[in-house]
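Below: the structure, in structure tokens.
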Amino acid sequence: MDTKLIYVGEAESADRELAAAAQIIKAGGLVAFPTETVYGLGANALDETAAGKIYEAKGRPSDNPLIAHIASFAELKPLVSVIPESGRKLAEAFWPGPLTLVFSKSELVPYGTTGGLDTVAVRLPGHPIARRLITLAGVPVAAPSANTSGRPSPTKAEHVRQDMNGRIDMIIDGGSVGIGMESTIVDVTGRVPVLLRPGAVTLEMLEQTVGEIELDPAVLGPVAKDQKPKAPGMKYRHYAPQAALTVVEGKAGLGLTDDVIATINRLAADRIRAGYRVGILCTDETKTCYPQGILRSAGRRSAPETIAHNLFAILREFDDLRVDYIYSESFSREQIGQAIMNRLTKAAGYHIIQI
Ligand code: TXA
Ligand code: MG
């Protein structure tokens with residue numbers, strides 16, 4: 001298949017291009033597009049055959065459900081059987097934006113989109129290109145992150161091209177995404193809302209809106225073989241670079257310490273001496289502390305959103321550089337840090353060295 005690549009600067013002046021993309025979705029094809037979180041791989045969410053093509057293109061297990069993206073509040077109602085109070089409050093507070101809500105599904109939504117579940121995940125994104133595309137398509141757009149299953153999510157069109165060229169109909173290049181990490185997912189089907197995946201809408205922000213929030217165990221650590229996380233995607237090794245990634249974490253509460261830097265330097269030196277290529281994931285504040293290895297700064301500790309923005313791109317860059325081992329500093333788990341550490345420790349297969 002020939003994958004068409006189009007550039008769209010501003011949604012407002014690109015209606016002709018976006019109408020062509022929407023036409024592909026209406027006709028059952030696949031279009032990758034930018035959202036404010038990561039690039040998505042879109043298909044008609046109401047068309048089981050189209051949704052099936054997403055699984056094929058990504059190499060994604062078919063029990064892992066897709067998020068249905070909508071362009072206005074009014075488009076939520078037909079997809080769900082009820083809108084609970086907590087869901088309404090959260091949607092009002094954070095939509096359009098990086099929040100996905102899980103509802104009981106209506107009959108309109110096929111099981112091929114929900115991985116056989118009776119629930120459906122819905123998101124109203126804030127990115128103007130995403131919203132215009134969905135509006136022009138006239139259907140809810142099922143869209144997982146536009147990466148090959150298991151690789152870090154794409155934050156640039158180039159990442160999508162690397163994974164999806166020849167496998168999908170079109171890629172809309174709308175530049176680098178804003179947030180760089182996938183949306184927060186909250187299940188609102190029960191009495192107390194449950195956080196299934198942390199993101200830029202933080203636990204603290206959710207609590208301020210609806211009070212009590214439960215945490216799915218998959219948010220905090222590895223999922224045991226007999227455990228079933230509520231977001232099926234959380235059980236797969238994910239976001240993972242090809243190198244063996246180790247996170248070095250300072251004493252509880254202390255985050256970064258001199259011991260962390262010394263340990264990373266020791267581990268890196270051992271591997272380099274043995275002839276391996278070593279990547280070190282550090283920060284602007286610490287990048288002068290490592291004499292050896294291929295250094296990449298994820299951003300500023302003083303502005304953790306910069307780290308969220310760059311993390312996946314750096315993991316992909318380490319793949320391109322063919323490093324064998326990556327040693328990473330760890331980050332505070334507060335606020336957006338919860339999402340950063342969730343992705344980073346998952347990428348490491350939970351290989352964490354506590355100092
Ligand atoms: O930011 C995002 O959410 C991006 C952009 C494109 O919107 N999308 C995204 O989709 O990250 P994906 O498929 O890579 O991740 C969706 C996650 C998976 O872990 C999946 O298991 C979970 O959402 N999920 C989807 N439907 C669900 C449902 N009905 N119940 C529980 N979890 C669900
Ligand atoms: Mg994904």
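By order in the structure tokens, chains are A, B, ...; within a chain, residues start at 1; ligands start at 1, following the order shown.
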TODO: as a PyMOL selection string, please: all residues of stretch 102-147 of chain A that backbone DSSP puts in strand (DSSP E).
DONE: chain A and resi 102-104+119-123+141-142
Selection from above, N, CA and C atoms, as an mmCIF file, in the first residue's frame, can you write it?
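Output saved as selection02.cif:
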```
data_model
loop_
_atom_site.group_PDB
_atom_site.id
_atom_site.type_symbol
_atom_site.label_atom_id
_atom_site.label_comp_id
_atom_site.auth_asym_id
_atom_site.auth_seq_id
_atom_site.Cartn_x
_atom_site.Cartn_y
_atom_site.Cartn_z
ATOM 1 N N VAL A 102 -14.074 5.991 30.370
ATOM 2 C CA VAL A 102 -14.643 4.686 30.016
ATOM 3 C C VAL A 102 -16.079 4.609 30.531
ATOM 4 N N PHE A 103 -17.016 4.386 29.606
ATOM 5 C CA PHE A 103 -18.452 4.302 29.907
ATOM 6 C C PHE A 103 -18.976 2.915 29.522
ATOM 7 N N SER A 104 -20.197 2.580 29.980
ATOM 8 C CA SER A 104 -20.883 1.407 29.422
ATOM 9 C C SER A 104 -21.251 1.754 27.995
ATOM 10 N N THR A 119 -17.809 -2.026 27.597
ATOM 11 C CA THR A 119 -17.541 -0.609 27.858
ATOM 12 C C THR A 119 -16.865 -0.003 26.640
ATOM 13 N N VAL A 120 -16.928 1.320 26.573
ATOM 14 C CA VAL A 120 -16.232 2.014 25.485
ATOM 15 C C VAL A 120 -15.461 3.208 26.056
ATOM 16 N N ALA A 121 -14.227 3.369 25.595
ATOM 17 C CA ALA A 121 -13.408 4.504 26.005
ATOM 18 C C ALA A 121 -13.629 5.641 25.002
ATOM 19 N N VAL A 122 -13.890 6.853 25.516
ATOM 20 C CA VAL A 122 -14.189 7.986 24.632
ATOM 21 C C VAL A 122 -13.303 9.171 25.007
ATOM 22 N N ARG A 123 -12.812 9.870 23.989
ATOM 23 C CA ARG A 123 -12.020 11.082 24.239
ATOM 24 C C ARG A 123 -12.411 12.163 23.247
ATOM 25 N N VAL A 141 -14.041 8.445 15.675
ATOM 26 C CA VAL A 141 -12.813 7.891 15.089
ATOM 27 C C VAL A 141 -12.051 7.069 16.146
ATOM 28 N N ALA A 142 -11.984 5.765 15.906
ATOM 29 C CA ALA A 142 -11.212 4.891 16.794
ATOM 30 C C ALA A 142 -9.743 5.148 16.528
#
```
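Restricting the atom set to only C-alpha atoms and all ligand atoms, one finds that the residues within 8 Å of ligand 2 amount to Pro144, Ser145, Ala146, Asn147, Ser149, Gly150, Pro152, Ser153, Glu182, Gly233, His238 and Tyr239 of chain A.
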Selected residues written out, all heavy atoms, as a PDB file, in the first residue's frame:
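Ended up saving to again_15.pdb:
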```
ATOM      1  N   PRO A 144      -5.911   4.288  18.321  1.00  0.00           N
ATOM      2  CA  PRO A 144      -4.830   4.009  19.271  1.00  0.00           C
ATOM      3  C   PRO A 144      -3.642   4.876  18.903  1.00  0.00           C
ATOM      4  O   PRO A 144      -3.669   5.564  17.875  1.00  0.00           O
ATOM      5  CB  PRO A 144      -4.522   2.537  19.013  1.00  0.00           C
ATOM      6  CG  PRO A 144      -4.782   2.380  17.553  1.00  0.00           C
ATOM      7  CD  PRO A 144      -5.927   3.317  17.220  1.00  0.00           C
ATOM      8  N   SER A 145      -2.600   4.863  19.704  1.00  0.00           N
ATOM      9  CA  SER A 145      -1.367   5.536  19.318  1.00  0.00           C
ATOM     10  C   SER A 145      -0.856   4.887  18.028  1.00  0.00           C
ATOM     11  O   SER A 145      -0.985   3.677  17.845  1.00  0.00           O
ATOM     12  CB  SER A 145      -0.345   5.413  20.442  1.00  0.00           C
ATOM     13  OG  SER A 145      -0.263   4.072  20.894  1.00  0.00           O
ATOM     14  N   ALA A 146      -0.266   5.719  17.146  1.00  0.00           N
ATOM     15  CA  ALA A 146       0.048   5.252  15.787  1.00  0.00           C
ATOM     16  C   ALA A 146       1.422   4.595  15.669  1.00  0.00           C
ATOM     17  O   ALA A 146       2.141   4.796  14.698  1.00  0.00           O
ATOM     18  CB  ALA A 146      -0.063   6.418  14.810  1.00  0.00           C
ATOM     19  N   ASN A 147       1.791   3.798  16.692  1.00  0.00           N
ATOM     20  CA  ASN A 147       3.059   3.072  16.680  1.00  0.00           C
ATOM     21  C   ASN A 147       2.803   1.594  16.425  1.00  0.00           C
ATOM     22  O   ASN A 147       1.698   1.102  16.646  1.00  0.00           O
ATOM     23  CB  ASN A 147       3.738   3.227  18.049  1.00  0.00           C
ATOM     24  CG  ASN A 147       2.782   2.879  19.184  1.00  0.00           C
ATOM     25  OD1 ASN A 147       1.855   3.653  19.449  1.00  0.00           O
ATOM     26  ND2 ASN A 147       2.968   1.743  19.811  1.00  0.00           N
ATOM     27  N   SER A 149       2.751  -1.963  17.703  1.00  0.00           N
ATOM     28  CA  SER A 149       2.460  -2.418  19.059  1.00  0.00           C
ATOM     29  C   SER A 149       3.761  -2.715  19.806  1.00  0.00           C
ATOM     30  O   SER A 149       4.639  -3.397  19.281  1.00  0.00           O
ATOM     31  CB  SER A 149       1.601  -3.679  18.974  1.00  0.00           C
ATOM     32  OG  SER A 149       0.941  -3.893  20.174  1.00  0.00           O
ATOM     33  N   GLY A 150       3.891  -2.154  21.014  1.00  0.00           N
ATOM     34  CA  GLY A 150       5.092  -2.412  21.820  1.00  0.00           C
ATOM     35  C   GLY A 150       6.169  -1.345  21.711  1.00  0.00           C
ATOM     36  O   GLY A 150       7.018  -1.238  22.576  1.00  0.00           O
ATOM     37  N   PRO A 152       7.599   2.724  21.496  1.00  0.00           N
ATOM     38  CA  PRO A 152       7.168   3.979  22.123  1.00  0.00           C
ATOM     39  C   PRO A 152       6.152   4.719  21.236  1.00  0.00           C
ATOM     40  O   PRO A 152       6.274   4.694  20.010  1.00  0.00           O
ATOM     41  CB  PRO A 152       8.463   4.780  22.247  1.00  0.00           C
ATOM     42  CG  PRO A 152       9.567   3.759  22.207  1.00  0.00           C
ATOM     43  CD  PRO A 152       9.070   2.662  21.323  1.00  0.00           C
ATOM     44  N   SER A 153       5.178   5.364  21.833  1.00  0.00           N
ATOM     45  CA  SER A 153       4.161   6.094  21.070  1.00  0.00           C
ATOM     46  C   SER A 153       4.797   7.225  20.260  1.00  0.00           C
ATOM     47  O   SER A 153       5.780   7.825  20.691  1.00  0.00           O
ATOM     48  CB  SER A 153       3.117   6.692  22.015  1.00  0.00           C
ATOM     49  OG  SER A 153       2.382   5.668  22.630  1.00  0.00           O
ATOM     50  N   GLU A 182       0.420   9.717  26.328  1.00  0.00           N
ATOM     51  CA  GLU A 182      -0.983   9.423  26.033  1.00  0.00           C
ATOM     52  C   GLU A 182      -1.911   9.944  27.128  1.00  0.00           C
ATOM     53  O   GLU A 182      -1.495  10.179  28.262  1.00  0.00           O
ATOM     54  CB  GLU A 182      -1.207   7.914  25.865  1.00  0.00           C
ATOM     55  CG  GLU A 182      -0.259   7.227  24.917  1.00  0.00           C
ATOM     56  CD  GLU A 182       1.001   6.761  25.611  1.00  0.00           C
ATOM     57  OE1 GLU A 182       1.287   7.233  26.727  1.00  0.00           O
ATOM     58  OE2 GLU A 182       1.705   5.927  25.018  1.00  0.00           O
ATOM     59  N   GLY A 233      -4.667  -2.809  27.716  1.00  0.00           N
ATOM     60  CA  GLY A 233      -3.375  -2.426  27.149  1.00  0.00           C
ATOM     61  C   GLY A 233      -2.273  -2.345  28.179  1.00  0.00           C
ATOM     62  O   GLY A 233      -1.086  -2.455  27.854  1.00  0.00           O
ATOM     63  N   HIS A 238       5.410  -2.305  26.917  1.00  0.00           N
ATOM     64  CA  HIS A 238       4.909  -1.178  26.188  1.00  0.00           C
ATOM     65  C   HIS A 238       5.975  -0.116  26.096  1.00  0.00           C
ATOM     66  O   HIS A 238       6.876  -0.116  26.911  1.00  0.00           O
ATOM     67  CB  HIS A 238       3.760  -0.609  27.010  1.00  0.00           C
ATOM     68  CG  HIS A 238       2.591  -0.224  26.204  1.00  0.00           C
ATOM     69  ND1 HIS A 238       1.374   0.016  26.755  1.00  0.00           N
ATOM     70  CD2 HIS A 238       2.422  -0.032  24.887  1.00  0.00           C
ATOM     71  CE1 HIS A 238       0.516   0.333  25.823  1.00  0.00           C
ATOM     72  NE2 HIS A 238       1.118   0.312  24.670  1.00  0.00           N
ATOM     73  N   TYR A 239       5.837   0.764  25.181  1.00  0.00           N
ATOM     74  CA  TYR A 239       6.697   1.948  25.151  1.00  0.00           C
ATOM     75  C   TYR A 239       8.153   1.565  25.091  1.00  0.00           C
ATOM     76  O   TYR A 239       9.029   2.333  25.430  1.00  0.00           O
ATOM     77  CB  TYR A 239       6.491   2.825  26.401  1.00  0.00           C
ATOM     78  CG  TYR A 239       5.075   2.976  26.842  1.00  0.00           C
ATOM     79  CD1 TYR A 239       4.626   2.460  28.044  1.00  0.00           C
ATOM     80  CD2 TYR A 239       4.164   3.627  26.021  1.00  0.00           C
ATOM     81  CE1 TYR A 239       3.314   2.595  28.429  1.00  0.00           C
ATOM     82  CE2 TYR A 239       2.856   3.760  26.402  1.00  0.00           C
ATOM     83  CZ  TYR A 239       2.427   3.241  27.608  1.00  0.00           C
ATOM     84  OH  TYR A 239       1.137   3.369  27.979  1.00  0.00           O
TER      85      TYR A 239
END
```
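Candidate residues A:Arg322, A:Lys230, A:Lys53, A:His159 were compared for distance to A:Ile185, and the nearest is A:Lys230, using only C-alpha atoms.
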TODO: Determine, counting only C-alpha atoms, which protein, DNA and RNA residues have an atom within 9 Å of an atom of A:Gly116; residues of the same chain fewer than 6 positions away are not included. Present the result as an NGL selection string.
DONE: :A and (62-65 or 110)
Output file for the selection above: all heavy atoms, as a PDB file, in the first residue's frame:
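The result, stored in selection-v7.pdb:
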```pdb
ATOM      1  N   SER A  62      -5.963  -8.451  19.584  1.00  0.00           N
ATOM      2  CA  SER A  62      -7.341  -7.997  19.319  1.00  0.00           C
ATOM      3  C   SER A  62      -8.171  -7.846  20.587  1.00  0.00           C
ATOM      4  O   SER A  62      -9.299  -7.363  20.538  1.00  0.00           O
ATOM      5  CB  SER A  62      -8.024  -8.949  18.346  1.00  0.00           C
ATOM      6  OG  SER A  62      -8.062 -10.228  18.947  1.00  0.00           O
ATOM      7  N   ASP A  63      -7.619  -8.240  21.754  1.00  0.00           N
ATOM      8  CA  ASP A  63      -8.396  -8.014  22.990  1.00  0.00           C
ATOM      9  C   ASP A  63      -8.081  -6.641  23.593  1.00  0.00           C
ATOM     10  O   ASP A  63      -8.551  -6.319  24.672  1.00  0.00           O
ATOM     11  CB  ASP A  63      -8.104  -9.116  24.026  1.00  0.00           C
ATOM     12  CG  ASP A  63      -6.682  -9.031  24.593  1.00  0.00           C
ATOM     13  OD1 ASP A  63      -5.825  -8.359  23.979  1.00  0.00           O
ATOM     14  OD2 ASP A  63      -6.438  -9.646  25.645  1.00  0.00           O
ATOM     15  N   ASN A  64      -7.271  -5.851  22.896  1.00  0.00           N
ATOM     16  CA  ASN A  64      -6.891  -4.546  23.442  1.00  0.00           C
ATOM     17  C   ASN A  64      -7.744  -3.456  22.792  1.00  0.00           C
ATOM     18  O   ASN A  64      -7.546  -3.118  21.631  1.00  0.00           O
ATOM     19  CB  ASN A  64      -5.396  -4.314  23.192  1.00  0.00           C
ATOM     20  CG  ASN A  64      -4.865  -3.141  23.988  1.00  0.00           C
ATOM     21  OD1 ASN A  64      -5.616  -2.483  24.714  1.00  0.00           O
ATOM     22  ND2 ASN A  64      -3.588  -2.859  23.837  1.00  0.00           N
ATOM     23  N   PRO A  65      -8.720  -2.911  23.543  1.00  0.00           N
ATOM     24  CA  PRO A  65      -9.729  -2.035  22.939  1.00  0.00           C
ATOM     25  C   PRO A  65      -9.192  -0.683  22.472  1.00  0.00           C
ATOM     26  O   PRO A  65      -8.136  -0.240  22.896  1.00  0.00           O
ATOM     27  CB  PRO A  65     -10.739  -1.838  24.074  1.00  0.00           C
ATOM     28  CG  PRO A  65      -9.978  -2.112  25.324  1.00  0.00           C
ATOM     29  CD  PRO A  65      -8.929  -3.113  24.975  1.00  0.00           C
ATOM     30  N   PRO A 110     -19.500  -1.281  17.990  1.00  0.00           N
ATOM     31  CA  PRO A 110     -19.253  -2.717  17.778  1.00  0.00           C
ATOM     32  C   PRO A 110     -18.188  -3.274  18.721  1.00  0.00           C
ATOM     33  O   PRO A 110     -17.279  -2.558  19.149  1.00  0.00           O
ATOM     34  CB  PRO A 110     -18.769  -2.778  16.322  1.00  0.00           C
ATOM     35  CG  PRO A 110     -18.253  -1.429  16.013  1.00  0.00           C
ATOM     36  CD  PRO A 110     -18.976  -0.450  16.885  1.00  0.00           C
TER      37      PRO A 110
END
```
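Look at A:Ala71: the protein and nucleic acid residues within 7 Å of it, using only C-alpha atoms and passing over chain neighbours fewer than 6 places away, are Leu124, Arg131, Ile134 and Thr135 of chain A.
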Open item on the list: Just want the 12 Å neighbourhood of stretch 287-291 of chain A, counted on only C-alpha atoms, with same-chain residues fewer than 3 positions away dropped. Output as number ranges by chain.
Closed with: A: 257-269, 272, 278-284, 294-301, 327-329
Task: Shell of 10 Å around A:Val247, only C-alpha atoms, local chain residues under 2 positions omitted, as a ChimeraX atom specification - done: /A:245,249-250,260,264,281,326-331,341,344-345,347-354
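Neighbouring residues of A:Gly337 at 12 Å or closer, counting only C-alpha atoms and skipping chain neighbours under 4 positions away, are Met181, Pro198, Gly199, Ala200, Val201, Thr202, Leu203, Glu204, Leu220, Gly255, Arg301, Ser302, Ala303, Pro304, Glu305, Thr306, Ile307, Ala308, His309, Leu311, Ser330, Phe331, Ser332, Arg333, Met341, Asn342, Arg343, Leu344 and Thr345 of chain A.
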